[in-house]
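A.B. asks: Next comes the structure file entry.cif, holding mmCIF, C-alpha atoms.
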data_protein
loop_
_atom_site.label_atom_id
_atom_site.label_comp_id
_atom_site.auth_asym_id
_atom_site.auth_seq_id
_atom_site.Cartn_x
_atom_site.Cartn_y
_atom_site.Cartn_z
CA MET A 1 195.88 -64.34 -140.34
CA LEU A 2 193.29 -67.11 -140.43
CA GLU A 3 192.64 -68.62 -143.87
CA ILE A 4 188.88 -68.22 -143.69
CA VAL A 5 186.04 -66.13 -145.07
CA VAL A 6 183.47 -64.83 -142.56
CA LYS A 7 180.01 -63.87 -143.82
CA THR A 8 177.55 -62.03 -141.60
CA GLU A 9 173.80 -61.54 -141.60
CA THR A 10 174.43 -57.87 -142.42
CA GLY A 11 175.99 -58.90 -145.74
CA GLU A 12 179.61 -58.27 -144.79
CA ARG A 13 182.33 -60.53 -146.17
CA HIS A 14 185.66 -60.64 -144.34
CA VAL A 15 188.56 -62.48 -146.04
CA CYS A 16 191.57 -63.82 -144.11
CA VAL A 17 190.83 -62.16 -140.77
CA SER A 18 193.02 -62.09 -137.68
CA VAL A 19 192.21 -64.02 -134.51
CA GLU A 20 191.32 -60.71 -132.85
CA ASP A 21 188.99 -59.69 -135.67
CA LEU A 22 187.21 -63.06 -135.61
CA ALA A 23 186.73 -62.72 -131.86
CA GLU A 24 185.27 -59.24 -132.29
CA LEU A 25 182.84 -60.47 -134.96
CA VAL A 26 181.67 -63.27 -132.64
CA ARG A 27 181.23 -60.87 -129.70
CA ARG A 28 179.28 -58.47 -131.91
CA ILE A 29 176.45 -60.75 -133.02
CA GLY A 30 173.18 -60.92 -131.14
CA GLY A 31 171.25 -57.84 -132.16
CA GLY A 32 168.48 -57.59 -134.72
CA GLY A 33 169.74 -58.19 -138.24
CA ASP A 34 173.16 -59.27 -136.98
CA ARG A 35 172.61 -62.64 -135.35
CA PHE A 36 174.80 -65.13 -137.21
CA LEU A 37 178.17 -65.80 -138.81
CA VAL A 38 179.04 -68.39 -141.44
CA VAL A 39 182.72 -69.30 -141.73
CA GLN A 40 184.29 -71.16 -144.64
CA ARG A 41 187.84 -72.20 -145.32
CA VAL A 42 190.12 -70.66 -147.95
CA PRO A 43 189.79 -72.18 -150.44
CA ASP A 44 186.14 -72.98 -149.82
CA LEU A 45 185.39 -76.72 -149.68
CA PRO A 46 181.98 -78.31 -150.34
CA ASP A 47 180.11 -79.26 -147.16
CA VAL A 48 182.85 -77.87 -144.88
CA PHE A 49 181.90 -74.84 -142.79
CA ALA A 50 181.15 -73.60 -139.29
CA GLN A 51 178.42 -71.19 -138.19
CA ILE A 52 177.09 -69.44 -135.12
CA TRP A 53 173.62 -68.19 -134.25
CA HIS A 54 173.05 -65.91 -131.26
CA GLU A 55 170.32 -63.64 -129.99
CA SER A 56 171.07 -61.33 -127.08
CA GLY A 57 170.27 -62.96 -123.76
CA GLY A 58 170.36 -66.51 -125.10
CA ASP A 59 172.90 -69.26 -125.68
CA TYR A 60 175.10 -69.52 -128.75
CA THR A 61 174.18 -72.21 -131.27
CA LEU A 62 177.47 -73.44 -132.72
CA GLU A 63 177.42 -75.78 -135.73
CA HIS A 64 179.95 -77.31 -138.08
CA ARG A 65 179.73 -79.60 -141.08
CA ASP A 66 182.57 -82.02 -141.72
CA GLY A 67 182.38 -82.96 -145.39
CA ALA A 68 178.80 -84.19 -145.80
CA ALA A 69 175.25 -83.43 -144.69
CA ASP A 70 175.25 -86.53 -142.47
CA ARG A 71 178.24 -85.10 -140.56
CA HIS A 72 176.58 -81.90 -139.37
CA PHE A 73 177.04 -81.25 -135.65
CA GLN A 74 175.60 -78.77 -133.18
CA ALA A 75 176.46 -77.59 -129.67
CA MET A 76 174.70 -75.10 -127.39
CA VAL A 77 177.21 -72.87 -125.60
CA ASP A 78 176.53 -70.22 -122.97
CA ASP A 79 180.02 -68.68 -122.84
CA VAL A 80 181.18 -66.43 -125.67
CA GLU A 81 184.84 -67.09 -124.87
CA ALA A 82 184.27 -70.82 -125.33
CA VAL A 83 182.64 -70.08 -128.69
CA ILE A 84 185.58 -67.92 -129.74
CA ALA A 85 188.05 -70.62 -128.69
CA ALA A 86 186.17 -73.24 -130.70
CA MET A 87 185.83 -71.04 -133.79
CA THR A 88 189.49 -70.03 -133.66
CA GLY A 89 190.50 -73.69 -133.29
CA TRP A 90 188.32 -74.71 -136.23
CA ALA A 91 189.65 -71.88 -138.38
CA SER A 92 193.28 -72.73 -137.62
CA ARG A 93 192.63 -76.50 -138.01
CA LYS A 94 193.88 -77.10 -134.51
CA SER A 95 193.75 -80.73 -133.40
CA GLY A 96 191.07 -81.32 -130.76
CA TRP A 97 189.43 -77.93 -131.34
CA ASP A 98 185.98 -79.43 -130.70
CA ALA A 99 186.84 -81.04 -127.34
CA GLY A 100 184.98 -79.92 -124.24
CA LEU A 101 181.70 -79.11 -126.00
CA ASP A 102 178.58 -81.27 -125.98
CA TRP A 103 178.08 -81.99 -129.69
CA SER A 104 175.04 -83.70 -131.16
CA LEU A 105 174.45 -84.92 -134.69
CA VAL A 106 171.86 -82.82 -136.57
CA ASP A 107 169.46 -84.83 -138.74
CA MET A 108 169.49 -83.05 -142.10
CA GLY A 109 167.24 -85.64 -143.73
CA PRO A 110 168.16 -88.08 -146.50
CA ALA A 111 170.54 -86.83 -149.17
CA GLY A 112 168.87 -86.86 -152.57
CA GLU A 113 170.62 -88.57 -155.46
CA VAL A 114 171.70 -86.30 -158.27
CA PRO A 115 170.91 -87.79 -161.70
CA PRO A 116 173.71 -87.73 -164.28
CA LEU A 117 173.70 -84.95 -166.84
CA ASP A 118 171.72 -85.76 -169.98
CA LEU A 119 173.75 -83.74 -172.48
CA ALA A 120 175.23 -84.31 -175.88
CA GLU A 121 179.01 -84.64 -175.73
CA SER A 122 179.44 -81.32 -177.53
CA GLU A 123 177.19 -79.57 -175.00
CA ARG A 124 179.02 -81.12 -172.08
CA GLU A 125 182.37 -80.04 -173.48
CA GLU A 126 181.12 -76.50 -174.13
CA LEU A 127 179.67 -76.21 -170.62
CA GLU A 128 182.77 -77.58 -168.89
CA GLN A 129 185.05 -75.37 -170.98
CA ARG A 130 183.18 -72.23 -169.90
CA ILE A 131 183.12 -73.29 -166.24
CA ARG A 132 186.83 -74.00 -166.47
CA GLU A 133 187.55 -70.55 -167.93
CA VAL A 134 185.69 -68.82 -165.10
CA LEU A 135 187.19 -71.17 -162.52
CA VAL A 136 190.75 -70.50 -163.67
CA GLY A 137 189.96 -66.78 -163.63
CA GLY A 138 189.76 -67.31 -159.89
CA TYR A 139 187.19 -64.68 -158.88
CA ALA A 140 183.99 -66.77 -158.83
CA SER A 141 182.62 -68.49 -155.74
CA ARG A 142 181.30 -72.06 -155.79
CA ALA A 143 177.77 -70.67 -155.73
CA GLU A 144 178.48 -68.43 -158.74
CA LEU A 145 179.98 -71.34 -160.64
CA ALA A 146 176.90 -73.45 -159.91
CA GLU A 147 174.66 -70.65 -161.16
CA LEU A 148 176.72 -70.45 -164.35
CA ALA A 149 176.47 -74.22 -164.84
CA GLU A 150 172.69 -74.11 -164.40
CA GLU A 151 172.05 -71.17 -166.73
CA TYR A 152 174.69 -71.50 -169.45
CA LEU A 153 172.79 -73.87 -171.78
CA VAL A 154 169.30 -72.52 -171.07
CA THR A 155 167.13 -71.70 -174.06
CA GLU A 156 163.58 -70.43 -174.31
CA ASP A 157 162.13 -73.94 -174.09
CA ARG A 158 164.89 -75.96 -172.41
CA ARG A 159 166.68 -76.07 -169.06
CA PRO A 160 168.97 -79.09 -169.43
CA VAL A 161 170.88 -78.71 -166.14
CA SER A 162 169.10 -78.76 -162.78
CA ARG A 163 170.33 -76.80 -159.78
CA GLU A 164 171.47 -80.03 -158.10
CA GLN A 165 173.33 -81.19 -161.22
CA ALA A 166 174.91 -77.75 -161.61
CA THR A 167 176.11 -77.75 -158.01
CA ALA A 168 177.58 -81.24 -158.34
CA LEU A 169 179.39 -80.31 -161.57
CA ALA A 170 180.71 -77.00 -160.20
CA ASP A 171 181.91 -78.65 -156.98
CA ARG A 172 183.70 -81.43 -158.88
CA MET A 173 185.55 -78.97 -161.08
CA TRP A 174 186.25 -76.67 -158.10
CA LEU A 175 187.91 -79.50 -156.19
CA GLU A 176 190.00 -80.40 -159.25
CA ARG A 177 191.29 -76.83 -159.33
CA VAL A 178 191.94 -76.85 -155.57
CA ALA A 179 194.06 -79.98 -156.08
CA GLU A 180 195.99 -78.27 -158.90
CA GLN A 181 196.83 -75.22 -156.83
CA THR A 182 198.34 -77.29 -154.02
CA GLU A 183 201.34 -77.77 -156.34
CA TRP A 184 201.93 -74.02 -156.80
CA GLN A 185 204.93 -72.58 -155.01
CA GLY A 186 205.55 -68.98 -154.03
CA GLU A 187 203.83 -65.80 -155.14
CA THR A 188 201.75 -66.07 -158.32
CA ASP A 189 201.33 -63.38 -160.97
CA PRO A 190 197.76 -62.51 -159.84
CA GLU A 191 199.13 -62.06 -156.31
CA ARG A 192 201.83 -59.73 -157.63
CA LEU A 193 199.13 -57.84 -159.49
CA ALA A 194 197.11 -57.55 -156.27
CA ARG A 195 200.21 -56.09 -154.57
CA ALA A 196 200.51 -53.46 -157.27
CA PHE A 197 196.81 -52.61 -157.01
CA THR A 198 197.07 -52.32 -153.23
CA ALA A 199 199.96 -49.86 -153.64
CA LEU A 200 197.97 -47.82 -156.16
CA GLN A 201 194.95 -47.79 -153.86
CA GLY A 202 197.14 -46.47 -151.07
CA ALA A 203 198.40 -43.74 -153.40
CA GLY A 204 194.91 -42.40 -154.06
CA ILE A 205 194.06 -44.35 -157.21
CA THR A 206 190.93 -46.52 -157.12
CA ALA A 207 192.11 -49.97 -158.24
CA ARG A 208 189.64 -52.78 -158.98
CA GLU A 209 190.20 -56.32 -160.24
CA ASN A 210 187.70 -58.17 -162.45
CA PHE A 211 185.42 -55.13 -162.22
CA THR A 212 182.12 -55.34 -164.15
CA CYS A 213 181.46 -57.30 -167.33
CA CYS A 214 182.88 -54.95 -169.97
CA ARG A 215 184.52 -51.59 -170.66
CA SER A 216 181.22 -49.76 -171.10
CA CYS A 217 179.92 -50.87 -167.72
CA GLY A 218 183.29 -50.29 -166.10
CA GLN A 219 183.57 -46.72 -167.31
CA SER A 220 180.03 -45.92 -166.15
CA GLU A 221 180.46 -47.51 -162.70
CA ILE A 222 184.06 -46.83 -161.66
CA GLY A 223 183.22 -43.30 -160.55
CA GLY A 224 181.05 -44.69 -157.79
CA GLU A 225 184.02 -46.64 -156.40
CA GLY A 226 186.22 -43.62 -155.70
CA GLY A 227 186.44 -41.73 -152.42
CA PRO A 228 186.79 -37.99 -151.88
CA ASP A 229 190.59 -38.17 -151.96
CA THR A 230 191.03 -40.41 -155.00
CA ARG A 231 192.58 -38.81 -158.08
CA GLY A 232 191.88 -41.50 -160.63
CA PHE A 233 191.29 -45.17 -161.30
CA VAL A 234 192.59 -48.36 -162.87
CA TYR A 235 190.68 -51.57 -163.42
CA PHE A 236 190.23 -54.59 -165.65
CA HIS A 237 186.88 -56.21 -166.43
CA THR A 238 185.84 -59.85 -166.74
CA GLN A 239 186.56 -60.02 -170.47
CA CYS A 240 190.12 -58.86 -169.68
CA THR A 241 190.34 -61.66 -167.11
CA ASP A 242 189.22 -64.19 -169.73
CA SER A 243 191.96 -62.90 -172.04
CA ALA A 244 194.59 -63.33 -169.32
CA VAL A 245 193.36 -66.87 -168.63
CA ALA A 246 193.72 -67.64 -172.34
CA GLY A 247 197.33 -66.41 -172.29
CA HIS A 248 196.82 -63.16 -174.21
CA GLY A 249 198.03 -60.74 -171.55
CA LEU A 250 195.95 -58.38 -169.42
CA MET A 251 194.56 -55.03 -170.54
CA LEU A 252 194.17 -52.33 -167.87
CA LEU A 253 191.87 -49.32 -168.21
CA TYR A 254 192.67 -46.14 -166.31
CA GLY A 255 191.85 -42.47 -166.09
CA GLY A 256 191.52 -39.38 -163.95
CA PHE A 257 188.28 -38.52 -162.22
CA ASP A 258 188.54 -34.92 -163.45
CA GLY A 259 188.27 -36.14 -167.05
CA SER A 260 191.38 -34.33 -168.28
CA SER A 261 193.92 -36.02 -170.56
CA VAL A 262 196.76 -34.59 -168.44
CA THR A 263 195.48 -36.32 -165.29
CA THR A 264 194.76 -39.51 -167.21
CA ALA A 265 198.32 -39.61 -168.57
CA ALA A 266 199.70 -39.00 -165.06
CA ILE A 267 197.60 -41.87 -163.70
CA GLY A 268 198.85 -44.07 -166.54
CA HIS A 269 202.48 -43.34 -165.58
CA GLU A 270 201.77 -44.25 -161.94
CA VAL A 271 200.06 -47.49 -162.96
CA VAL A 272 202.98 -48.49 -165.18
CA ALA A 273 205.47 -47.68 -162.39
CA ALA A 274 203.51 -49.81 -159.89
CA LEU A 275 203.34 -52.74 -162.31
CA GLU A 276 207.04 -52.54 -163.16
CA ALA A 277 207.88 -52.32 -159.44
CA VAL A 278 206.48 -55.85 -158.98
CA GLY A 279 208.24 -57.16 -162.08
CA PHE A 280 205.63 -57.09 -164.86
CA PRO A 281 206.55 -56.37 -168.49
CA VAL A 282 204.27 -53.53 -169.58
CA GLU A 283 203.29 -52.16 -172.99
CA TRP A 284 202.06 -48.55 -173.18
CA ASP A 285 202.85 -45.79 -175.63
CA ARG A 286 202.04 -43.02 -173.10
CA ASP A 287 198.93 -42.10 -175.03
CA PRO A 288 196.15 -41.37 -172.47
CA ASP A 289 193.62 -42.77 -174.96
CA ARG A 290 195.34 -46.19 -175.13
CA ALA A 291 195.07 -49.01 -172.62
CA ILE A 292 198.00 -50.37 -170.64
CA THR A 293 198.80 -54.03 -171.28
CA ILE A 294 200.72 -56.52 -169.17
CA THR A 295 202.15 -58.49 -172.06
CA SER A 296 203.15 -61.70 -170.31
CA LEU A 297 201.83 -63.32 -167.16
CA ASP A 298 201.05 -66.79 -165.87
CA TRP A 299 197.46 -66.57 -164.63
CA ARG A 300 197.29 -68.80 -161.54
CA ARG A 301 194.91 -67.12 -159.13
CA ARG A 302 194.34 -69.09 -155.95
CA LEU A 303 190.69 -69.80 -155.19
CA VAL A 304 188.91 -68.24 -152.24
CA GLY A 305 185.19 -68.91 -152.63
#
Please express what this file holds, its structure, as structure tokens.
C.D. replies:
Amino acid sequence: MLEIVVKTETGERHVCVSVEDLAELVRRIGGGGDRFLVVQRVPDLPDVFAQIWHESGGDYTLEHRDGAADRHFQAMVDDVEAVIAAMTGWASRKSGWDAGLDWSLVDMGPAGEVPPLDLAESEREELEQRIREVLVGGYASRAELAELAEEYLVTEDRRPVSREQATALADRMWLERVAEQTEWQGETDPERLARAFTALQGAGITARENFTCCRSCGQSEIGGEGGPDTRGFVYFHTQCTDSAVAGHGLMLLYGGFDGSSVTTAAIGHEVVAALEAVGFPVEWDRDPDRAITITSLDWRRRLVG
């Protein structure tokens, strides 16, 4: 699998696709409303991406940015197989992937200077602490982190962080976390949790990570996530994620879609079995009205973006 995320004009988001799937996505574009792909690495890196634009009957416009706006290149290509070869080479970081194409530098204009943040030390610490919490949670994209940085300190009469300052701050902290995760070895606890959730999903239980902002929203929205053959659900919301990041364990909410306590208890037993199968210590008194808690885990979720 290629360690990339592919985003389409139709709003699709494909994570860690195969070479064959990437090729199919490239071949597909060209029709109305489905004319481009943007491809980022996993984890996402600021000012590093590739993209394709194509309208049926015309050439492919292939672009890539190599770390800064003044390293943004473009090539016009008339052969889809050549485009696929280039995109696959870029995605797999193959040496010389860009050879054989006529690249030109795209003038993106002068890069504006971002002024330093004008914040009291206490405000800066509060802002960076919240960004760090969400960053360590591991579910936010760089764009979502930047939005958080811009909006977090806003009051009725004050917007102390500009969009450019927010982006610079979020990107700096993102790259610090990317550097940290290069030292991680083997499967992490969030990856084990994802394995358990995948098994539950395959067994007919809707399983969602970091789903909605709170229990109230989760309970009202989880029903819309289930398919015709799903018997029940399990999820944790963003406040649960924050608790796991802080080292307080992870609370899981579950239930049956028929609303009965018997089904809910049965779903609870299946959830506990799936968690224990991947090695998690679990606390649950078998009461269908009580949440299931993973009592100890090391929350190191690798960034995607």
A.B. asks: Tell me, in Å to one decimal, how far CA of Asp118 in chain A is from CA of Pro160 in chain A.
C.D. replies: 7.2 Å
A.B. asks: Expand the PyMOL selection byres ((chain A and resi 255-265) around 9) into the individual residues it matches in the shown file, reporting them as JSON, numbers by chain.
C.D. replies: {"A": [205, 223, 226, 230, 231, 232, 233, 234, 253, 254, 266, 267, 268, 269, 270, 286, 287, 288, 289]}
A.B. asks: Give me the result of the PyMOL selection byres ((chain A and resi 26) around 12) on this file, residue by residue, as a ChimeraX atom specification.
C.D. replies: /A:6-8,19-25,27-31,34-39,51-55,60-62,79-88
A.B. asks: Have a look at CA of Ala168 in chain A and CA of Ala68 in chain A and let me know their distance in Å, one decimal.
C.D. replies: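 About the pair CA of Ala168 in chain A and CA of Ala68 in chain A: they are 12.9 Å apart.
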A.B. asks: Extract, using only C-alpha atoms, all DNA, RNA and protein residues at most 8 Å from range 136-144 of chain A, discarding same-chain residues fewer than 5 positions from it, and format them as a PDB file with C-alpha atoms, keeping the file's coordinate frame.
C.D. replies:
ATOM      1  CA  ASP A  44     186.140 -72.980-149.820  1.00  0.00           C
ATOM      2  CA  THR A 167     176.110 -77.750-158.010  1.00  0.00           C
ATOM      3  CA  ALA A 170     180.710 -77.000-160.200  1.00  0.00           C
ATOM      4  CA  ASP A 171     181.910 -78.650-156.980  1.00  0.00           C
ATOM      5  CA  TRP A 174     186.250 -76.670-158.100  1.00  0.00           C
ATOM      6  CA  ARG A 177     191.290 -76.830-159.330  1.00  0.00           C
ATOM      7  CA  ASN A 210     187.700 -58.170-162.450  1.00  0.00           C
ATOM      8  CA  THR A 241     190.340 -61.660-167.110  1.00  0.00           C
ATOM      9  CA  ASP A 242     189.220 -64.190-169.730  1.00  0.00           C
ATOM     10  CA  VAL A 245     193.360 -66.870-168.630  1.00  0.00           C
ATOM     11  CA  TRP A 299     197.460 -66.570-164.630  1.00  0.00           C
ATOM     12  CA  ARG A 300     197.290 -68.800-161.540  1.00  0.00           C
ATOM     13  CA  ARG A 301     194.910 -67.120-159.130  1.00  0.00           C
ATOM     14  CA  ARG A 302     194.340 -69.090-155.950  1.00  0.00           C
ATOM     15  CA  LEU A 303     190.690 -69.800-155.190  1.00  0.00           C
ATOM     16  CA  VAL A 304     188.910 -68.240-152.240  1.00  0.00           C
ATOM     17  CA  GLY A 305     185.190 -68.910-152.630  1.00  0.00           C
TER      18      GLY A 305
END
A.B. asks: Run the PyMOL selection byres ((chain A and resi 185-193) around 8) mentally over the shown coordinates, then write out the matched residues as JSON, numbers by chain, using the chain letters and numbers from the document.
C.D. replies: {"A": [183, 184, 194, 195, 196, 197, 275, 278, 297, 298, 299, 300, 301]}
A.B. asks: Draw an axis-aligned box over all listed atoms of range 24-43 of chain A, pad each side with 6 Å, and write its centre and edge lengths in Å, one decimal, as lines of an AutoDock Vina configuration file.
C.D. replies:
center_x = 179.3
center_y = -64.9
center_z = -140.1
size_x = 33.6
size_y = 26.6
size_z = 32.7
A.B. asks: What would range 148-177 of chain A look like with N, CA and C atoms restored, written as a compact mmCIF listing (two decimals), in the frame of the given file?
C.D. replies:
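Saved as result_27.txt:
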# COMPACT_ATOMS: atom_id res chain seq x y z
N LEU A 148 176.28 -70.43 -162.96
CA LEU A 148 176.72 -70.45 -164.35
C LEU A 148 176.40 -71.79 -165.00
N ALA A 149 176.72 -72.88 -164.29
CA ALA A 149 176.47 -74.22 -164.84
C ALA A 149 174.99 -74.46 -165.10
N GLU A 150 174.14 -73.92 -164.24
CA GLU A 150 172.69 -74.11 -164.40
C GLU A 150 172.13 -73.29 -165.56
N GLU A 151 172.65 -72.10 -165.78
CA GLU A 151 172.05 -71.17 -166.73
C GLU A 151 172.70 -71.17 -168.11
N TYR A 152 173.90 -71.71 -168.23
CA TYR A 152 174.69 -71.50 -169.45
C TYR A 152 174.02 -72.07 -170.71
N LEU A 153 173.39 -73.22 -170.61
CA LEU A 153 172.79 -73.87 -171.78
C LEU A 153 171.29 -73.63 -171.89
N VAL A 154 170.75 -72.76 -171.07
CA VAL A 154 169.30 -72.52 -171.07
C VAL A 154 168.87 -71.85 -172.37
N THR A 155 167.77 -72.34 -172.93
CA THR A 155 167.13 -71.70 -174.06
C THR A 155 165.69 -71.38 -173.68
N GLU A 156 164.96 -70.82 -174.60
CA GLU A 156 163.58 -70.43 -174.31
C GLU A 156 162.72 -71.60 -173.87
N ASP A 157 162.99 -72.79 -174.40
CA ASP A 157 162.13 -73.94 -174.09
C ASP A 157 162.89 -75.11 -173.47
N ARG A 158 164.10 -74.84 -172.92
CA ARG A 158 164.89 -75.96 -172.41
C ARG A 158 165.80 -75.51 -171.28
N ARG A 159 165.75 -76.25 -170.16
CA ARG A 159 166.68 -76.07 -169.06
C ARG A 159 167.34 -77.42 -168.79
N PRO A 160 168.43 -77.73 -169.47
CA PRO A 160 168.97 -79.09 -169.43
C PRO A 160 169.74 -79.45 -168.16
N VAL A 161 170.08 -78.45 -167.35
CA VAL A 161 170.88 -78.71 -166.14
C VAL A 161 170.11 -78.22 -164.93
N SER A 162 169.81 -79.14 -164.00
CA SER A 162 169.10 -78.76 -162.78
C SER A 162 170.05 -78.09 -161.80
N ARG A 163 169.49 -77.46 -160.78
CA ARG A 163 170.33 -76.80 -159.78
C ARG A 163 171.24 -77.82 -159.08
N GLU A 164 170.69 -79.00 -158.79
CA GLU A 164 171.47 -80.03 -158.10
C GLU A 164 172.60 -80.54 -159.01
N GLN A 165 172.30 -80.75 -160.28
CA GLN A 165 173.33 -81.19 -161.22
C GLN A 165 174.40 -80.11 -161.39
N ALA A 166 173.96 -78.87 -161.46
CA ALA A 166 174.91 -77.75 -161.61
C ALA A 166 175.84 -77.66 -160.42
N THR A 167 175.28 -77.82 -159.21
CA THR A 167 176.11 -77.75 -158.01
C THR A 167 177.12 -78.88 -157.98
N ALA A 168 176.68 -80.09 -158.34
CA ALA A 168 177.58 -81.24 -158.34
C ALA A 168 178.71 -81.04 -159.35
N LEU A 169 178.38 -80.54 -160.54
CA LEU A 169 179.39 -80.31 -161.57
C LEU A 169 180.37 -79.22 -161.14
N ALA A 170 179.85 -78.10 -160.63
CA ALA A 170 180.71 -77.00 -160.20
C ALA A 170 181.62 -77.44 -159.06
N ASP A 171 181.09 -78.20 -158.11
CA ASP A 171 181.91 -78.65 -156.98
C ASP A 171 183.00 -79.62 -157.44
N ARG A 172 182.68 -80.50 -158.38
CA ARG A 172 183.70 -81.43 -158.88
C ARG A 172 184.85 -80.67 -159.54
N MET A 173 184.51 -79.71 -160.39
CA MET A 173 185.55 -78.97 -161.08
C MET A 173 186.30 -78.04 -160.13
N TRP A 174 185.60 -77.50 -159.13
CA TRP A 174 186.25 -76.67 -158.10
C TRP A 174 187.32 -77.47 -157.36
N LEU A 175 186.97 -78.67 -156.94
CA LEU A 175 187.91 -79.50 -156.19
C LEU A 175 189.10 -79.91 -157.05
N GLU A 176 188.88 -80.10 -158.35
CA GLU A 176 190.00 -80.40 -159.25
C GLU A 176 190.97 -79.22 -159.28
N ARG A 177 190.44 -78.01 -159.32
CA ARG A 177 191.29 -76.83 -159.33
C ARG A 177 192.00 -76.64 -157.99
